[in-house]
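Data first, discussion second: the structure below is written as C-alpha cells.
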Amino acid sequence: MAHKKNRHVGVVGIGQTEYSSHKEYQNQVEMVNEAVRAALADANMTLNDIDCVVHGNMELFEMVHQPDMWHSLGTGAFGKPEFRITTGGTTGSTLVCAADNLVASGMYDVVMAIGLEKLQEGNTTGGITNMADPLWFRHLQTGALTATTATMMIQEFGEERARRAAMKYRIMMDKHAVLNPRAHRRFGLEYEQMEDLMKTSPKLVGDLRLIHMCSQSDGACVMIFACEEKAKKVSKKPVWIRDHITVHREEMFNNFGIERPEMTHHYAARKLFERNGIKNPIEYFDVFEMYDPSAWWGLDWLREFFLLEGDEHIKMLENDEWGLDGKLPVNPSGGVTSTNPIGATAMIRPAEVALQIRGDAGAHQLKREVKHGLASGFGGTLWTVLIMLEKDLKW
Amino acid sequence: MSVCRNINTKDCFVMTGKMALPNQYFAGRVGSKFIISLRDAKKILGVKCPKCGLVYVPPREYCEKDLEKLDQDQNWVELGNEGVITNFTIVNYNDKHLPRRAPYVLALIKVEGADTPFAHIVEGIESEHMKIGMRVKAVFAEQTTHTILDIDHFEPIRA
Amino acid sequence: MAEYYGSKVVDIFNTMPVRFKPDGVKGVDVTIGYDILGEGGGTWVVTIKDAALKVEKIAGDLPKCSVVMTADAEAFVGGALGKIDPGEAFASGKIKVAGDIIILGNVLPKAFEKFTPIVRARAIVESMVERFRPEKAEGVDLKIGYDLSGEDGGAWTAIVKDGTCTVKEGLDPDCTVTMRMVSEVFVGLNLGKIDPAAAFGSGQVKIEGDMMAAGATAKLFKKFEVAGAEEKQGEELISLKCIPSIRHRFATGSHMGKWFKGLKEKKFYATQCPVCGRTQIPPREVCAVCRVRCDEFIEVGPKGTVTMIDTVYYASPDPLTGKVRQTPYAALFLVMDGSTPSESFAHELNPKDLDRIESGMKVRPVWAKERTGSYRDLLYFEIDD
C-alpha cells in the first residue's frame, strides 16, 4: 500500500559541492555549509524559511560519532528541530524519504535534507568492518568488494559477452561523467579502450576490476522540500515526490544458497510500480539515476529494476538504449562509479533526477523532455530505496 | 507479556576485542590560519561577523546565524592573550584521551575582544581558589601539536 | 623533444641520481622496468640494490624486472609532477603495472626526492615578455640576440622598442648585441646559480656588439622565478592523523555462545525456525521473516556444497595494524549438509585448493588443533576428496 500523504511535497532547492578526493582546504562543517548555501540560493530561501533539518552520513566512517552536532555550525540547524538519519549506503535516499514524510505529514512545511561524506578524513575499510557483527562477521570481512554478480553473469551469458557488457557500461558511465563538472572521476575513456581495459585493469576480486569499481569521494548534497502550497509560491518549477519505497533485508550476506531469494531491487520495483499502476516502467520513465557501486552491479540491476527477463538488459545496452539518447537514459550524471561520497550518493540520485526534470542539469541535460523520473539508493547487504519524481502533479 | 527470564545462559560469554578508528582531520583554510597564528606568532585570532557583530573564536568560515562569509581579510581580528573565566569544572578522573592527569581545571575563557569563550586548561591555581570572573593569560607551548594545545594552558594573572 | 607540463620524460630519469636517497632503501633489492609510450618516451631499467642506484636507458625489450610500469608519457610526467592524480591514471588504465605493485607504493617514495621541473632556456627566453618592465625602457630601442648551444638551446631575438618587448625565434642579423653561450650556462645565470662575473671572465659567455647595451638589458626585466616557488609559498593547510582504537566487550548471548561452543567441539549448530523451517547459520535468536523466536538448534554439516566463490586479489589493509593479507585467497559460500537450500554460509578456502575449486564441489572444514570456542577454531574449508 502506498503511503497516505496528507499533502504533496515538492523539491524547491538543490545544492551540491564539487566531488573530489582533495578537500584539504575545508573541514567537514565548511563542506556541508557550502552545499547548504548553494541549496538555499537555488531555492531563493534563507535559513529562516527552514522548519526542520535532517542530516545523514555513514555512521563513524569519518571516525566522528553524531557529527550532526558539530556540523550544526554549518547546517543552520541551530535552534531548529533536527533529525539524524544513518542507514548505511541508502542514507542519502532515506533522508529524502524522511524529508518527504515529514512535510507530507503536515508537521513541517519546509525541510532541508543534508547528505555528506568526507572519506579522506576517515577510513572506509574501518567503517565497513566496524559495521559487521562483531562476534563473527567482523573477522571475515574484506570490505565491500565482491565479484559474485560478475561470476553469475558470466555463468548466464558467457564470459565474452558478459565482460564486454560490463566494460561497455563502465565506459558509458564515464562518458556521462565527463559532461558533469561536479563528478569526481572523469577519465575520458573511449570504447576503443574496451579490449585493453578488460585485460589490463587490475583485478580486485574475481572479474571485478579496478576500473569497474566506484571511487571514494568527498562532498555534500542538500535538498530542500516544501509542501505544495509553499513550493508553488517559492519555485517556478518544483519537482514533486510521487512515491518511495524502502526494502532493507537482514544484515547478512547469506543470499548465495542453492535457492536465491528475490532481490530487494526487484521486490521494491515490483511493489512500487504495482501500487502506482505502472505496467511498463521502461516506457513510463524518462530517466533513471541508479546507485551503481560497480559496473557489474549496475548492469545486473537494470534487469531487476525494470523487471526484465533473460538478456533483455544486455541487448538494450548493446543497442545503446541506456545512453543519453536512448530509450531510457541511465545515470546521465555519471553515476556512482564516477562519484561516491557515500552519505550523499543516494541523495545525489534523486537530486540529479530533479535537475533533469527542471531542465537545469547543464551539459549532461537530456535532450528529451523529462517528466517521469526514477532514482534508487543502495546500501548494506543489498538494500534498496526507490523514489519516483514527477514534473507535474498529475497522477 | 512474556519476559525473557528463562533464557538458558549457560553458553553466554563475553568476547573482547579492539575497534580501530583511523582518521585524519583537515583544519581547512580558516582552521589552519588560526593554528598557524598560535604556533608561529603566538597570537590568538578571531573573526567578526559584519552582520551581527559577533567576534568568534576559534574562527569559522561562515556565521552560523547569518550565513555571512567571515573568512575575509577585513573580518579577521587579533585578540588579546588575556581573558576572563566565564565558567569552569574540575576533571577528577583519568582516561588516556585526556590532556592532563586528574585533578585539573577545565575552564571556559573569553579572551579580550572575543564574544565567544573557548575551553582550555587552567594551571597554577588550586581548584578551591578558582572563581568565575578571574583573569587569566595564555601560556604558549614550546612544541607545536597543530591543535588548540599550541596554547599550553592559561594561568591566573596575579594582581 | 616532447614536453608535458613543461618537462620531458627523460628529465625524470636523468634526475634520478641526484634525487636518490640511499638511506631510504636499506635492504631493498629491486629492478623496476619502465616502458613509457608516446612522444618522448622510451624504455628504462632502474636497479636499486645495496643502497646503490643504477639507471639505464635500453633499446629493445625489457629484461625480467621485479615490477614493470607501462605508461602513457603524459600521464607519467603528470603523475611525477603531481599535476594529475596517479591513482586515477592507474584506475583509468593510463598507467599499468605488472609484477609486484607494492614496490611502487612502498619503495619509490622512500627512494627518491620528489621530481621538480627542470628549467630550460626556452622557458626563460619566452618569459621575457611577461617579465618586461616598460617603466625602465623609456627611449630604449634595442635588439638582443641569444645564441644558445646544446640540446636544450636555440636562437632567439628579443626586440625592445617603443616601451614594448617581443621575442621571436631565430637570430636577427642586425642585433644590437648578441650573447653566445651553452644553454645550461644561460639557465644557471638566470637562476642565480652561476656567478655572472665568473661566467664572463672564464669565456663561457661571449658577447658581440654593443657591450654597454648588454649591461643595460638586466634592468629591463624582472628576475626569472621558478614556477614551483610560488606554489610552495602558498597556504599551509594543517591535517592531523591519528589511529585511536577503543577496547570493547561484546556479550555473545545464548545463541552465539552455543555456536562457539559447537566450534570447540568441531560441530556447526544452526537454529531452525519453528514456522518456516529454515536453518540459520550462524544461529540467530529470531527468524526475521516469520518474526518468531528460534530456540531449536540442529546440527548441520560438517561438510557442505560450494555455491559461490570469490577470489580476492586485493585485500584492504587492516585498519588497526595496517597489515595486508596475502593474496590471492578465496572466500567461499556453501550450503551445509542438512541446511535448508536458501541458507548459505560464508567462509574461506584452504589456499592450496585455489586452482581446483569449482561451484558444486563438496568441501569439509579444517579445524585448528587447539580450539578455545572462538572464530579462530575454524581455519577454512577444503575440497572433500
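Each chain of the C-alpha cells is named A, B, ... in the order shown, its residues numbered from 1; ligands are numbered from 1 in display order.
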
Restrict the distance test to only C-alpha atoms, flag each residue of chain C within 7 Å of chain A, and return the flagged residues as a PDB file with N, CA and C atoms, in the first residue's frame.
ATOM      1  N   ALA C  91      43.763   3.871 -12.305  1.00  0.00           N
ATOM      2  CA  ALA C  91      42.423   3.292 -12.412  1.00  0.00           C
ATOM      3  C   ALA C  91      41.900   3.374 -13.832  1.00  0.00           C
ATOM      4  N   SER C  92      42.278   4.405 -14.570  1.00  0.00           N
ATOM      5  CA  SER C  92      41.736   4.560 -15.919  1.00  0.00           C
ATOM      6  C   SER C  92      42.612   3.899 -16.970  1.00  0.00           C
ATOM      7  N   GLY C  93      43.675   3.210 -16.535  1.00  0.00           N
ATOM      8  CA  GLY C  93      44.484   2.467 -17.495  1.00  0.00           C
ATOM      9  C   GLY C  93      45.572   3.263 -18.185  1.00  0.00           C
ATOM     10  N   LYS C  96      49.871   1.348 -16.262  1.00  0.00           N
ATOM     11  CA  LYS C  96      49.611  -0.061 -15.982  1.00  0.00           C
ATOM     12  C   LYS C  96      50.806  -0.628 -15.247  1.00  0.00           C
ATOM     13  N   LEU C 237      48.241  24.075   4.836  1.00  0.00           N
ATOM     14  CA  LEU C 237      46.986  23.506   5.306  1.00  0.00           C
ATOM     15  C   LEU C 237      47.301  22.413   6.303  1.00  0.00           C
ATOM     16  N   THR C 252      27.931 -12.483  23.951  1.00  0.00           N
ATOM     17  CA  THR C 252      27.541 -13.344  22.842  1.00  0.00           C
ATOM     18  C   THR C 252      26.053 -13.655  22.856  1.00  0.00           C
ATOM     19  N   THR C 307      28.531 -23.034  -3.405  1.00  0.00           N
ATOM     20  CA  THR C 307      27.612 -22.412  -4.356  1.00  0.00           C
ATOM     21  C   THR C 307      28.240 -21.192  -5.036  1.00  0.00           C
ATOM     22  N   MET C 308      29.237 -20.597  -4.418  1.00  0.00           N
ATOM     23  CA  MET C 308      29.808 -19.366  -4.970  1.00  0.00           C
ATOM     24  C   MET C 308      31.228 -19.174  -4.451  1.00  0.00           C
ATOM     25  N   ASP C 310      34.539 -16.361  -4.417  1.00  0.00           N
ATOM     26  CA  ASP C 310      35.064 -15.017  -4.680  1.00  0.00           C
ATOM     27  C   ASP C 310      36.577 -15.083  -4.517  1.00  0.00           C
ATOM     28  N   THR C 311      37.309 -14.948  -5.608  1.00  0.00           N
ATOM     29  CA  THR C 311      38.776 -14.973  -5.492  1.00  0.00           C
ATOM     30  C   THR C 311      39.263 -13.548  -5.264  1.00  0.00           C
ATOM     31  N   VAL C 312      39.868 -13.321  -4.133  1.00  0.00           N
ATOM     32  CA  VAL C 312      40.261 -11.962  -3.751  1.00  0.00           C
ATOM     33  C   VAL C 312      41.710 -11.713  -4.138  1.00  0.00           C
ATOM     34  N   TYR C 313      41.941 -10.704  -4.976  1.00  0.00           N
ATOM     35  CA  TYR C 313      43.310 -10.350  -5.393  1.00  0.00           C
ATOM     36  C   TYR C 313      43.828  -9.142  -4.626  1.00  0.00           C
ATOM     37  N   TYR C 314      42.892  -8.312  -4.201  1.00  0.00           N
ATOM     38  CA  TYR C 314      43.294  -7.102  -3.493  1.00  0.00           C
ATOM     39  C   TYR C 314      42.645  -7.104  -2.120  1.00  0.00           C
ATOM     40  N   ALA C 315      43.467  -7.089  -1.079  1.00  0.00           N
ATOM     41  CA  ALA C 315      42.930  -7.079   0.276  1.00  0.00           C
ATOM     42  C   ALA C 315      43.172  -5.713   0.890  1.00  0.00           C
ATOM     43  N   SER C 316      42.147  -5.147   1.503  1.00  0.00           N
ATOM     44  CA  SER C 316      42.328  -3.847   2.148  1.00  0.00           C
ATOM     45  C   SER C 316      43.189  -4.024   3.384  1.00  0.00           C
ATOM     46  N   PRO C 319      42.567  -1.965   9.400  1.00  0.00           N
ATOM     47  CA  PRO C 319      42.578  -0.590   9.898  1.00  0.00           C
ATOM     48  C   PRO C 319      43.411  -0.406  11.171  1.00  0.00           C
ATOM     49  N   PHE C 333      31.111 -19.406  -0.469  1.00  0.00           N
ATOM     50  CA  PHE C 333      29.749 -19.530   0.048  1.00  0.00           C
ATOM     51  C   PHE C 333      29.373 -20.988  -0.141  1.00  0.00           C
ATOM     52  N   LEU C 334      28.868 -21.617   0.907  1.00  0.00           N
ATOM     53  CA  LEU C 334      28.490 -23.019   0.785  1.00  0.00           C
ATOM     54  C   LEU C 334      27.188 -23.278   1.528  1.00  0.00           C
ATOM     55  N   VAL C 335      26.513 -24.334   1.096  1.00  0.00           N
ATOM     56  CA  VAL C 335      25.311 -24.757   1.810  1.00  0.00           C
ATOM     57  C   VAL C 335      25.676 -26.026   2.552  1.00  0.00           C
ATOM     58  N   PRO C 341      18.030 -25.111   1.658  1.00  0.00           N
ATOM     59  CA  PRO C 341      18.815 -24.714   0.482  1.00  0.00           C
ATOM     60  C   PRO C 341      19.027 -23.206   0.285  1.00  0.00           C
ATOM     61  N   SER C 342      18.225 -22.363   0.929  1.00  0.00           N
ATOM     62  CA  SER C 342      18.426 -20.931   0.701  1.00  0.00           C
ATOM     63  C   SER C 342      19.443 -20.322   1.667  1.00  0.00           C
ATOM     64  N   GLU C 343      19.873 -21.093   2.655  1.00  0.00           N
ATOM     65  CA  GLU C 343      20.773 -20.528   3.673  1.00  0.00           C
ATOM     66  C   GLU C 343      22.220 -20.885   3.380  1.00  0.00           C
ATOM     67  N   SER C 344      22.973 -19.904   2.934  1.00  0.00           N
ATOM     68  CA  SER C 344      24.387 -20.181   2.650  1.00  0.00           C
ATOM     69  C   SER C 344      25.235 -19.756   3.834  1.00  0.00           C
ATOM     70  N   PHE C 345      26.428 -20.301   3.903  1.00  0.00           N
ATOM     71  CA  PHE C 345      27.381 -19.994   4.958  1.00  0.00           C
ATOM     72  C   PHE C 345      28.648 -19.480   4.288  1.00  0.00           C
ATOM     73  N   TYR C 375      36.352 -17.711  16.889  1.00  0.00           N
ATOM     74  CA  TYR C 375      36.319 -17.794  15.424  1.00  0.00           C
ATOM     75  C   TYR C 375      37.610 -18.394  14.867  1.00  0.00           C
TER      76      TYR C 375
END

Give me, as a tab-separated table (two decimals) with N, CA and C atoms, in the first residue's frame, the residues of chain C touching chain B, with the criterion being at most 6 Å (counting only C-alpha atoms).
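New file out34.tsv:
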chain	number	residue	atom	x	y	z
C	237	LEU	N	48.24	24.07	4.84
C	237	LEU	CA	46.99	23.51	5.31
C	237	LEU	C	47.30	22.41	6.30
C	238	ILE	N	46.69	22.50	7.46
C	238	ILE	CA	47.02	21.57	8.53
C	238	ILE	C	46.12	20.35	8.50
C	239	SER	N	46.72	19.20	8.62
C	239	SER	CA	45.92	18.00	8.78
C	239	SER	C	46.52	17.17	9.90
C	240	LEU	N	45.65	16.53	10.66
C	240	LEU	CA	46.10	15.73	11.80
C	240	LEU	C	45.70	14.28	11.57
C	241	LYS	N	46.64	13.38	11.69
C	241	LYS	CA	46.34	11.96	11.50
C	241	LYS	C	46.37	11.26	12.85
C	242	CYS	N	45.43	10.37	13.08
C	242	CYS	CA	45.56	9.55	14.28
C	242	CYS	C	44.85	8.21	14.11
C	243	ILE	N	45.27	7.24	14.85
C	243	ILE	CA	44.64	5.92	14.80
C	243	ILE	C	44.22	5.52	16.21
C	244	PRO	N	43.16	6.15	16.70
C	244	PRO	CA	42.71	5.71	18.02
C	244	PRO	C	42.03	4.36	17.90
C	245	SER	N	42.04	3.63	18.97
C	245	SER	CA	41.25	2.40	18.96
C	245	SER	C	40.57	2.33	20.31
C	246	ILE	N	39.42	1.73	20.31
C	246	ILE	CA	38.74	1.58	21.60
C	246	ILE	C	38.56	0.11	21.90
C	247	ARG	N	38.73	-0.21	23.16
C	247	ARG	CA	38.54	-1.60	23.57
C	247	ARG	C	37.04	-1.85	23.64
C	248	HIS	N	36.65	-3.07	23.31
C	248	HIS	CA	35.24	-3.35	23.50
C	248	HIS	C	35.02	-4.75	24.05
C	249	ARG	N	33.85	-4.91	24.63
C	249	ARG	CA	33.43	-6.20	25.16
C	249	ARG	C	32.05	-6.47	24.60
C	250	PHE	N	31.86	-7.58	23.95
C	250	PHE	CA	30.55	-7.92	23.40
C	250	PHE	C	30.03	-9.20	24.02
C	251	ALA	N	28.78	-9.12	24.48
C	251	ALA	CA	28.16	-10.32	25.04
C	251	ALA	C	27.68	-11.19	23.89
C	252	THR	N	27.93	-12.48	23.95
C	252	THR	CA	27.54	-13.34	22.84
C	252	THR	C	26.05	-13.66	22.86
C	253	GLY	N	25.47	-13.67	24.05
C	253	GLY	CA	24.10	-14.16	24.14
C	253	GLY	C	24.10	-15.66	24.07
C	254	SER	N	22.94	-16.25	24.24
C	254	SER	CA	22.87	-17.71	24.34
C	254	SER	C	23.14	-18.39	23.01
C	257	GLY	N	26.73	-17.98	21.78
C	257	GLY	CA	27.52	-18.71	22.78
C	257	GLY	C	27.54	-20.19	22.44
C	258	LYS	N	26.36	-20.71	22.03
C	258	LYS	CA	26.28	-22.12	21.68
C	258	LYS	C	27.05	-22.40	20.39
C	319	PRO	N	42.57	-1.97	9.40
C	319	PRO	CA	42.58	-0.59	9.90
C	319	PRO	C	43.41	-0.41	11.17
C	320	LEU	N	43.56	-1.47	11.94
C	320	LEU	CA	44.28	-1.32	13.20
C	320	LEU	C	45.78	-1.54	13.02

Point to revise | Residues of chain A within 12 Å of chain B, counting only C-alpha atoms, as number ranges by chain | key: A: 22-34, 36-38, 40-41, 45-48, 59-65, 70-80, 118-132, 134-136, 138-139

For stretch 56-58 of chain C, find every residue with an atom within 12 Å (counting only C-alpha atoms), except residues of its own chain fewer than 4 positions away, and show them as a PDB file with C-alpha atoms, in the first residue's frame.
ATOM      1  CA  VAL C   9      60.181  12.103 -19.836  1.00  0.00           C
ATOM      2  CA  VAL C  10      63.989  11.908 -19.859  1.00  0.00           C
ATOM      3  CA  PHE C  13      65.253   9.556 -15.328  1.00  0.00           C
ATOM      4  CA  ASN C  14      68.192  11.936 -15.742  1.00  0.00           C
ATOM      5  CA  MET C  16      67.087  10.145 -10.540  1.00  0.00           C
ATOM      6  CA  PRO C  17      70.753  10.006  -9.428  1.00  0.00           C
ATOM      7  CA  THR C  31      64.559  -3.806 -10.566  1.00  0.00           C
ATOM      8  CA  ILE C  32      61.900  -1.521 -11.958  1.00  0.00           C
ATOM      9  CA  GLY C  33      61.188  -1.562 -15.672  1.00  0.00           C
ATOM     10  CA  TYR C  34      59.653   1.500 -17.308  1.00  0.00           C
ATOM     11  CA  ASP C  35      58.010   1.349 -20.695  1.00  0.00           C
ATOM     12  CA  ILE C  36      56.921   4.889 -21.474  1.00  0.00           C
ATOM     13  CA  GLY C  41      59.061   8.003 -24.327  1.00  0.00           C
ATOM     14  CA  GLY C  42      61.423   5.093 -24.108  1.00  0.00           C
ATOM     15  CA  THR C  43      62.431   2.126 -22.038  1.00  0.00           C
ATOM     16  CA  TRP C  44      64.468   2.260 -18.859  1.00  0.00           C
ATOM     17  CA  VAL C  45      65.565  -0.149 -16.141  1.00  0.00           C
ATOM     18  CA  VAL C  46      66.141   1.225 -12.654  1.00  0.00           C
ATOM     19  CA  THR C  47      68.037  -1.042 -10.278  1.00  0.00           C
ATOM     20  CA  ILE C  48      68.236  -0.394  -6.553  1.00  0.00           C
ATOM     21  CA  LEU C  62      62.791  -5.055 -21.083  1.00  0.00           C
ATOM     22  CA  PRO C  63      64.625  -7.805 -19.207  1.00  0.00           C
TER      23      PRO C  63
END

**Study point:** Which of stretch 167-245 of chain C DSSP labels strand (DSSP E or B), written as an MDAnalysis selection string
**Key:** chainID C and resid 167:169 177:182 206:209 221 239:242 245
